[in-house]
Structure formats: structure tokens, C-alpha cells
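Undergrad: File follows, target11.pdb with PDB, C-alpha atoms:
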ATOM      1  CA  GLU A  19       9.170  18.774  -0.216  1.00  0.00           C
ATOM      2  CA  ARG A  20       5.646  17.324  -0.224  1.00  0.00           C
ATOM      3  CA  TYR A  21       7.009  13.989   1.073  1.00  0.00           C
ATOM      4  CA  LEU A  22       8.967  15.730   3.827  1.00  0.00           C
ATOM      5  CA  ARG A  23       5.823  17.555   5.051  1.00  0.00           C
ATOM      6  CA  LEU A  24       3.898  14.293   4.928  1.00  0.00           C
ATOM      7  CA  ALA A  25       6.616  12.495   6.892  1.00  0.00           C
ATOM      8  CA  ARG A  26       6.273  15.012   9.734  1.00  0.00           C
ATOM      9  CA  ARG A  27       2.495  14.599   9.961  1.00  0.00           C
ATOM     10  CA  SER A  28       1.038  12.258  12.524  1.00  0.00           C
ATOM     11  CA  VAL A  29      -1.797   9.943  11.659  1.00  0.00           C
ATOM     12  CA  ASP A  30      -5.396  10.876  12.471  1.00  0.00           C
ATOM     13  CA  GLU A  31      -7.741   8.926  14.675  1.00  0.00           C
ATOM     14  CA  ALA A  32      -9.107   5.533  13.672  1.00  0.00           C
ATOM     15  CA  GLU A  33     -12.527   5.334  12.042  1.00  0.00           C
ATOM     16  CA  GLU A  34     -14.792   2.893  10.242  1.00  0.00           C
ATOM     17  CA  VAL A  35     -13.297   2.156   6.816  1.00  0.00           C
ATOM     18  CA  ASP A  36     -14.798   0.145   3.962  1.00  0.00           C
ATOM     19  CA  LEU A  37     -11.686  -1.500   2.494  1.00  0.00           C
ATOM     20  CA  GLY A  38     -13.227  -2.256  -0.899  1.00  0.00           C
ATOM     21  CA  VAL A  39     -14.403   1.328  -1.336  1.00  0.00           C
ATOM     22  CA  LEU A  40     -11.011   2.700  -0.272  1.00  0.00           C
ATOM     23  CA  VAL A  41      -9.102   0.461  -2.695  1.00  0.00           C
ATOM     24  CA  GLU A  42     -11.434   1.445  -5.554  1.00  0.00           C
ATOM     25  CA  GLU A  43     -10.963   5.120  -4.637  1.00  0.00           C
ATOM     26  CA  VAL A  44      -7.179   4.740  -4.878  1.00  0.00           C
ATOM     27  CA  PHE A  45      -7.524   2.856  -8.184  1.00  0.00           C
ATOM     28  CA  GLY A  46      -9.598   5.795  -9.441  1.00  0.00           C
ATOM     29  CA  LEU A  47      -6.881   8.264  -8.462  1.00  0.00           C
ATOM     30  CA  LEU A  48      -4.261   6.232 -10.318  1.00  0.00           C
ATOM     31  CA  ARG A  49      -6.376   5.156 -13.313  1.00  0.00           C
ATOM     32  CA  ALA A  50      -4.632   7.528 -15.765  1.00  0.00           C
ATOM     33  CA  ASP A  51      -1.165   6.343 -14.699  1.00  0.00           C
ATOM     34  CA  ALA A  52      -2.204   2.712 -15.090  1.00  0.00           C
ATOM     35  CA  ALA A  53      -3.901   3.303 -18.457  1.00  0.00           C
ATOM     36  CA  GLU A  54      -0.794   5.032 -19.811  1.00  0.00           C
ATOM     37  CA  VAL A  55       1.186   1.777 -19.498  1.00  0.00           C
ATOM     38  CA  HIS A  56      -1.802  -0.548 -20.071  1.00  0.00           C
ATOM     39  CA  VAL A  57      -1.703  -1.939 -16.519  1.00  0.00           C
ATOM     40  CA  ARG A  58      -4.787  -3.524 -14.975  1.00  0.00           C
ATOM     41  CA  CYS A  59      -5.525  -2.918 -11.293  1.00  0.00           C
ATOM     42  CA  ILE A  60      -7.450  -5.725  -9.623  1.00  0.00           C
ATOM     43  CA  ALA A  61      -8.960  -5.862  -6.117  1.00  0.00           C
ATOM     44  CA  ARG A  62      -9.480  -9.203  -4.362  1.00  0.00           C
ATOM     45  CA  MET A  63     -11.275  -8.411  -1.141  1.00  0.00           C
ATOM     46  CA  GLU A  64     -13.128 -11.705  -0.571  1.00  0.00           C
ATOM     47  CA  GLY A  65     -13.405 -12.783   3.033  1.00  0.00           C
ATOM     48  CA  VAL A  66     -12.940  -9.276   4.426  1.00  0.00           C
ATOM     49  CA  PRO A  67     -15.854  -7.652   6.227  1.00  0.00           C
ATOM     50  CA  GLY A  68     -17.218  -4.500   4.659  1.00  0.00           C
ATOM     51  CA  ARG A  69     -15.789  -2.246   7.316  1.00  0.00           C
ATOM     52  CA  VAL A  70     -12.849  -2.282   9.699  1.00  0.00           C
ATOM     53  CA  HIS A  71     -11.848   0.169  12.394  1.00  0.00           C
ATOM     54  CA  LEU A  72      -8.565   1.807  11.456  1.00  0.00           C
ATOM     55  CA  ASN A  73      -6.909   5.028  10.365  1.00  0.00           C
ATOM     56  CA  ARG A  74      -8.248   5.814   6.896  1.00  0.00           C
ATOM     57  CA  SER A  75      -5.746   8.522   5.918  1.00  0.00           C
ATOM     58  CA  ALA A  76      -2.713   6.427   6.874  1.00  0.00           C
ATOM     59  CA  LEU A  77      -4.068   3.384   5.031  1.00  0.00           C
ATOM     60  CA  ARG A  78      -4.900   5.513   1.989  1.00  0.00           C
ATOM     61  CA  HIS A  79      -1.373   6.939   1.918  1.00  0.00           C
ATOM     62  CA  ILE A  80       0.148   3.461   2.122  1.00  0.00           C
ATOM     63  CA  LEU A  81      -2.097   2.163  -0.680  1.00  0.00           C
ATOM     64  CA  VAL A  82      -1.418   5.150  -2.967  1.00  0.00           C
ATOM     65  CA  ASN A  83       2.315   4.699  -2.533  1.00  0.00           C
ATOM     66  CA  LEU A  84       2.385   0.925  -2.984  1.00  0.00           C
ATOM     67  CA  ILE A  85       0.050   0.915  -5.994  1.00  0.00           C
ATOM     68  CA  THR A  86       1.870   3.847  -7.639  1.00  0.00           C
ATOM     69  CA  ASN A  87       5.191   2.045  -7.240  1.00  0.00           C
ATOM     70  CA  ALA A  88       3.704  -1.176  -8.613  1.00  0.00           C
ATOM     71  CA  ILE A  89       2.267   0.587 -11.683  1.00  0.00           C
ATOM     72  CA  GLN A  90       5.617   2.247 -12.375  1.00  0.00           C
ATOM     73  CA  VAL A  91       7.552  -1.042 -12.490  1.00  0.00           C
ATOM     74  CA  GLN A  92       5.020  -3.047 -14.522  1.00  0.00           C
ATOM     75  CA  PRO A  93       5.743  -4.369 -17.961  1.00  0.00           C
ATOM     76  CA  GLU A  94       3.225  -3.019 -20.454  1.00  0.00           C
ATOM     77  CA  GLY A  95       0.024  -5.020 -20.089  1.00  0.00           C
ATOM     78  CA  GLY A  96       0.896  -6.198 -16.565  1.00  0.00           C
ATOM     79  CA  GLN A  97      -1.356  -6.183 -13.549  1.00  0.00           C
ATOM     80  CA  VAL A  98      -1.332  -4.956  -9.977  1.00  0.00           C
ATOM     81  CA  VAL A  99      -3.368  -7.032  -7.532  1.00  0.00           C
ATOM     82  CA  VAL A 100      -4.507  -5.717  -4.164  1.00  0.00           C
ATOM     83  CA  SER A 101      -5.779  -8.457  -1.893  1.00  0.00           C
ATOM     84  CA  ALA A 102      -6.885  -8.546   1.703  1.00  0.00           C
ATOM     85  CA  SER A 103      -7.610 -11.092   4.355  1.00  0.00           C
ATOM     86  CA  LEU A 104      -8.722 -10.800   7.948  1.00  0.00           C
ATOM     87  CA  VAL A 105      -7.865 -13.472  10.496  1.00  0.00           C
ATOM     88  CA  ASP A 106      -8.273 -13.022  14.267  1.00  0.00           C
ATOM     89  CA  ASN A 107      -8.644  -9.237  13.875  1.00  0.00           C
ATOM     90  CA  LYS A 108      -5.377  -9.028  11.922  1.00  0.00           C
ATOM     91  CA  LEU A 109      -5.693  -7.407   8.528  1.00  0.00           C
ATOM     92  CA  CYS A 110      -3.220  -8.466   5.844  1.00  0.00           C
ATOM     93  CA  LEU A 111      -3.368  -6.167   2.846  1.00  0.00           C
ATOM     94  CA  GLN A 112      -1.064  -7.108  -0.038  1.00  0.00           C
ATOM     95  CA  VAL A 113      -0.062  -5.244  -3.189  1.00  0.00           C
ATOM     96  CA  ALA A 114       1.521  -7.561  -5.774  1.00  0.00           C
ATOM     97  CA  ASP A 115       3.015  -6.637  -9.124  1.00  0.00           C
ATOM     98  CA  GLU A 116       4.571  -8.372 -12.130  1.00  0.00           C
ATOM     99  CA  GLY A 117       7.625  -6.107 -12.308  1.00  0.00           C
ATOM    100  CA  PRO A 118      11.253  -7.148 -11.980  1.00  0.00           C
ATOM    101  CA  GLY A 119      11.189  -7.449  -8.180  1.00  0.00           C
ATOM    102  CA  LEU A 120      14.183  -6.480  -6.072  1.00  0.00           C
ATOM    103  CA  ASN A 121      17.638  -7.986  -5.858  1.00  0.00           C
ATOM    104  CA  GLU A 122      19.042  -8.927  -2.444  1.00  0.00           C
ATOM    105  CA  GLN A 123      20.717  -5.555  -1.823  1.00  0.00           C
ATOM    106  CA  GLN A 124      17.634  -3.596  -2.918  1.00  0.00           C
ATOM    107  CA  ALA A 125      15.415  -5.729  -0.695  1.00  0.00           C
ATOM    108  CA  ALA A 126      17.657  -4.975   2.298  1.00  0.00           C
ATOM    109  CA  GLU A 127      17.491  -1.211   1.630  1.00  0.00           C
ATOM    110  CA  VAL A 128      13.969  -0.782   0.228  1.00  0.00           C
ATOM    111  CA  PHE A 129      12.560   1.004   3.301  1.00  0.00           C
ATOM    112  CA  GLU A 130      15.595   3.244   3.908  1.00  0.00           C
ATOM    113  CA  PRO A 131      14.875   6.972   3.430  1.00  0.00           C
ATOM    114  CA  PHE A 132      16.266   8.541   0.244  1.00  0.00           C
ATOM    115  CA  THR A 133      16.874   5.147  -1.364  1.00  0.00           C
ATOM    116  CA  SER A 134      15.439   4.942  -4.880  1.00  0.00           C
ATOM    117  CA  TRP A 135      16.357   2.994  -8.001  1.00  0.00           C
ATOM    118  CA  ARG A 136      13.923   4.909 -10.173  1.00  0.00           C
ATOM    119  CA  ARG A 137      14.968   7.969 -12.102  1.00  0.00           C
ATOM    120  CA  GLY A 138      13.473  11.000 -10.392  1.00  0.00           C
ATOM    121  CA  GLY A 139      12.410   9.003  -7.320  1.00  0.00           C
ATOM    122  CA  THR A 140      12.823  10.629  -3.900  1.00  0.00           C
ATOM    123  CA  GLY A 141      13.238   7.394  -1.975  1.00  0.00           C
ATOM    124  CA  LEU A 142      10.789   8.579   0.680  1.00  0.00           C
ATOM    125  CA  GLY A 143       7.512   6.875  -0.240  1.00  0.00           C
ATOM    126  CA  LEU A 144       8.212   3.452   1.239  1.00  0.00           C
ATOM    127  CA  SER A 145       9.965   4.774   4.349  1.00  0.00           C
ATOM    128  CA  ILE A 146       6.992   7.075   5.078  1.00  0.00           C
ATOM    129  CA  SER A 147       4.555   4.221   4.365  1.00  0.00           C
ATOM    130  CA  ARG A 148       6.433   1.984   6.804  1.00  0.00           C
ATOM    131  CA  ARG A 149       6.284   4.740   9.415  1.00  0.00           C
ATOM    132  CA  PHE A 150       2.498   4.993   8.938  1.00  0.00           C
ATOM    133  CA  ALA A 151       2.202   1.200   9.188  1.00  0.00           C
ATOM    134  CA  ARG A 152       4.038   1.299  12.521  1.00  0.00           C
ATOM    135  CA  GLN A 153       1.808   4.138  13.752  1.00  0.00           C
ATOM    136  CA  LEU A 154      -1.141   1.869  12.924  1.00  0.00           C
ATOM    137  CA  GLY A 155       0.468  -0.723  15.203  1.00  0.00           C
ATOM    138  CA  GLY A 156       1.436  -2.902  12.256  1.00  0.00           C
ATOM    139  CA  SER A 157       4.237  -3.687   9.861  1.00  0.00           C
ATOM    140  CA  LEU A 158       5.015  -3.202   6.179  1.00  0.00           C
ATOM    141  CA  THR A 159       7.190  -5.830   4.542  1.00  0.00           C
ATOM    142  CA  TYR A 160       8.565  -6.825   1.146  1.00  0.00           C
ATOM    143  CA  GLU A 161       8.732 -10.354  -0.265  1.00  0.00           C
ATOM    144  CA  PRO A 162       9.525 -11.518  -3.787  1.00  0.00           C
ATOM    145  CA  GLY A 163       6.424 -12.641  -5.643  1.00  0.00           C
ATOM    146  CA  PRO A 164       5.927 -16.386  -6.254  1.00  0.00           C
ATOM    147  CA  GLN A 165       6.209 -15.885 -10.045  1.00  0.00           C
ATOM    148  CA  GLY A 166       8.509 -12.855  -9.864  1.00  0.00           C
ATOM    149  CA  GLY A 167       7.622  -9.277  -9.150  1.00  0.00           C
ATOM    150  CA  ALA A 168       7.154  -7.878  -5.672  1.00  0.00           C
ATOM    151  CA  VAL A 169       4.627  -8.299  -2.881  1.00  0.00           C
ATOM    152  CA  PHE A 170       4.358  -5.606  -0.234  1.00  0.00           C
ATOM    153  CA  ALA A 171       2.234  -6.569   2.771  1.00  0.00           C
ATOM    154  CA  LEU A 172       0.692  -4.430   5.488  1.00  0.00           C
ATOM    155  CA  VAL A 173      -0.296  -6.435   8.568  1.00  0.00           C
ATOM    156  CA  THR A 174      -2.093  -4.637  11.374  1.00  0.00           C
ATOM    157  CA  ASP A 175      -4.653  -5.207  14.110  1.00  0.00           C
ATOM    158  CA  VAL A 176      -8.173  -4.006  13.346  1.00  0.00           C
ATOM    159  CA  GLN A 177     -11.633  -4.336  14.765  1.00  0.00           C
ATOM    160  CA  SER A 178     -14.141  -5.567  12.203  1.00  0.00           C
ATOM    161  CA  SER A 179     -17.567  -3.970  12.063  1.00  0.00           C
ATOM    162  CA  ARG A 180     -20.060  -6.469  10.767  1.00  0.00           C
ATOM    163  CA  GLU A 181     -23.375  -4.883   9.859  1.00  0.00           C
ATOM    164  CA  ASP A 182     -25.174  -8.120  10.638  1.00  0.00           C
ATOM    165  CA  SER A 183     -23.883  -8.476  14.217  1.00  0.00           C
ATOM    166  CA  ALA A 184     -26.314  -8.097  17.092  1.00  0.00           C
TER     167      ALA A 184
END
Write the structure described by the file as C-alpha cells, please.
TA:
Amino acid sequence: ERYLRLARRSVDEAEEVDLGVLVEEVFGLLRADAAEVHVRCIARMEGVPGRVHLNRSALRHILVNLITNAIQVQPEGGQVVVSASLVDNKLCLQVADEGPGLNEQQAAEVFEPFTSWRRGGTGLGLSISRRFARQLGGSLTYEPGPQGGAVFALVTDVQSSREDSA
């Protein structure tokens, strides 16, 4: 029911967001889940300005969902890596895991509502996250990881806010 209420909500207005701080906040929320399966969460935010102009609550929801999913599919001792890059005011935020990845059929259906391969899963998290990504004016995609696992990528337009600009 919580996911259904969330799906009906619209995203708030854009604001200044420090990506590194937001990612660390989400890691903090999920620390106990990660520790339970001995998964390390790593942020690689090099090359991204401190702040970008975008919807914080939508981005936070997307990150919580993607990182939670990644933790849940990890082998014990695995790692989840969140990385970001900014090129020509396009933010690419990736969440990569070392889990089993998706087969061809799963990859085709991964964003469909009520589709889940996890026991007890609602199948709403990724479809709601994709909806938020679209409301941000961006996209949320899945690709197999280069060494296995999964890579989910949010790409959206942002305005960077450099503190050192005149």
C-alpha cells in the first residue's frame, strides 16, 4: 500500500542538491541492511560539482530503491557502487552491483509494474522509480554489468551550481 500511495504522489519542486551528501544519507539509511549481508556501499562522485539543481525527493526515492535492490541481490561480501558524472548539464547516476544480473526476459520486463522475481517483492519499486525519472525529464535504464551484475542508470538534465563561479 505504501508503494501505491507513493506512485500517486507527484514530485516536488527542484532545489539545490549536494549529490555526495544525498548518496551518503541513503547509504546511512540502508547501512543495517548492507551490514547484515556484509555488503560494502561505495560512492564515486569525482568530477561532479558539489551541488546540482534537481528534485531532491524524487532522486532520493530512486536511489533508495536502486541501492536497496542492489543490496538484496548481492553475494555475501559483495559491493554496491554508486557513481556519477556530469557532462553538458546531463547527470548520469549509476548504481552497479555484483549480483546475478537479469536474463533477457527479466531485462525486458524489469520496469513493468507488479513484476518481481524476489520473494515478497511488490514489483513496484522500479516502475515508480522510472516514473520519477521521467518526471525529472530523464530516463532510468538497465544494462548488464561489464563483469556481471546489473547497472541501473539515471540520466537527466540538471543545472550545476558551482560555488566558485562569479
Undergrad: What's the 9 Å shell around region 143-154 of chain A, counting all atoms listed in the file, without same-chain residues fewer than 2 positions away, as a ChimeraX atom specification?
TA: /A:21-22,24-25,28-29,32,72-73,76-77,79-81,83-84,87,128-133,139-141,156-159,172-175
Undergrad: Once the PyMOL selection byres ((chain A and resi 94-104) around 9) is applied to the coordinates I shared, what remains selected? I want it as a PDB file with C-alpha atoms, in the frame of the given file.
TA:
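Resulting contents of result_31.pdb:
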ATOM      1  CA  LEU A  37     -11.686  -1.500   2.494  1.00  0.00           C
ATOM      2  CA  VAL A  41      -9.102   0.461  -2.695  1.00  0.00           C
ATOM      3  CA  VAL A  55       1.186   1.777 -19.498  1.00  0.00           C
ATOM      4  CA  HIS A  56      -1.802  -0.548 -20.071  1.00  0.00           C
ATOM      5  CA  VAL A  57      -1.703  -1.939 -16.519  1.00  0.00           C
ATOM      6  CA  ARG A  58      -4.787  -3.524 -14.975  1.00  0.00           C
ATOM      7  CA  CYS A  59      -5.525  -2.918 -11.293  1.00  0.00           C
ATOM      8  CA  ILE A  60      -7.450  -5.725  -9.623  1.00  0.00           C
ATOM      9  CA  ALA A  61      -8.960  -5.862  -6.117  1.00  0.00           C
ATOM     10  CA  ARG A  62      -9.480  -9.203  -4.362  1.00  0.00           C
ATOM     11  CA  MET A  63     -11.275  -8.411  -1.141  1.00  0.00           C
ATOM     12  CA  GLU A  64     -13.128 -11.705  -0.571  1.00  0.00           C
ATOM     13  CA  GLY A  65     -13.405 -12.783   3.033  1.00  0.00           C
ATOM     14  CA  VAL A  66     -12.940  -9.276   4.426  1.00  0.00           C
ATOM     15  CA  PRO A  67     -15.854  -7.652   6.227  1.00  0.00           C
ATOM     16  CA  LEU A  81      -2.097   2.163  -0.680  1.00  0.00           C
ATOM     17  CA  ILE A  85       0.050   0.915  -5.994  1.00  0.00           C
ATOM     18  CA  ALA A  88       3.704  -1.176  -8.613  1.00  0.00           C
ATOM     19  CA  ILE A  89       2.267   0.587 -11.683  1.00  0.00           C
ATOM     20  CA  GLN A  92       5.020  -3.047 -14.522  1.00  0.00           C
ATOM     21  CA  PRO A  93       5.743  -4.369 -17.961  1.00  0.00           C
ATOM     22  CA  VAL A 105      -7.865 -13.472  10.496  1.00  0.00           C
ATOM     23  CA  ASP A 106      -8.273 -13.022  14.267  1.00  0.00           C
ATOM     24  CA  ASN A 107      -8.644  -9.237  13.875  1.00  0.00           C
ATOM     25  CA  LYS A 108      -5.377  -9.028  11.922  1.00  0.00           C
ATOM     26  CA  LEU A 109      -5.693  -7.407   8.528  1.00  0.00           C
ATOM     27  CA  CYS A 110      -3.220  -8.466   5.844  1.00  0.00           C
ATOM     28  CA  LEU A 111      -3.368  -6.167   2.846  1.00  0.00           C
ATOM     29  CA  GLN A 112      -1.064  -7.108  -0.038  1.00  0.00           C
ATOM     30  CA  VAL A 113      -0.062  -5.244  -3.189  1.00  0.00           C
ATOM     31  CA  ALA A 114       1.521  -7.561  -5.774  1.00  0.00           C
ATOM     32  CA  ASP A 115       3.015  -6.637  -9.124  1.00  0.00           C
ATOM     33  CA  GLU A 116       4.571  -8.372 -12.130  1.00  0.00           C
ATOM     34  CA  GLY A 117       7.625  -6.107 -12.308  1.00  0.00           C
ATOM     35  CA  VAL A 176      -8.173  -4.006  13.346  1.00  0.00           C
ATOM     36  CA  SER A 178     -14.141  -5.567  12.203  1.00  0.00           C
TER      37      SER A 178
END
Undergrad: Could you list, as a ChimeraX atom specification, every residue matched by the PyMOL selection byres ((chain A and resi 124) around 12) in this structure?
TA: /A:118-123,125-130,133-136,141,160-162,168
Undergrad: So what do you get for CA of Ala52 (chain A) versus CA of Gly167 (chain A), distance-wise?
TA: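 CA of Ala52 (chain A) sits 16.6 Å away from CA of Gly167 (chain A).
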Undergrad: Could you please determine the separation between CA of Asp51 (chain A) and CA of Thr86 (chain A) in Å, to one decimal place?
TA: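 One can read the CA of Asp51 (chain A) to CA of Thr86 (chain A) distance as 8.1 Å.
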Undergrad: When you draw a straight line from CA of His71 (chain A) to CA of Glu33 (chain A), how long is it in Å?
TA: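 Separating CA of His71 (chain A) from CA of Glu33 (chain A) is a distance of 5.2 Å.
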Undergrad: I need the residue nearest Phe45 (chain A) from this list: A:Val169, A:Val82, A:Val70, A:Val91. Use only C-alpha atoms for the distance.
TA: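 Looking at the shortest contact to Phe45 (chain A), the residue is A:Val82.
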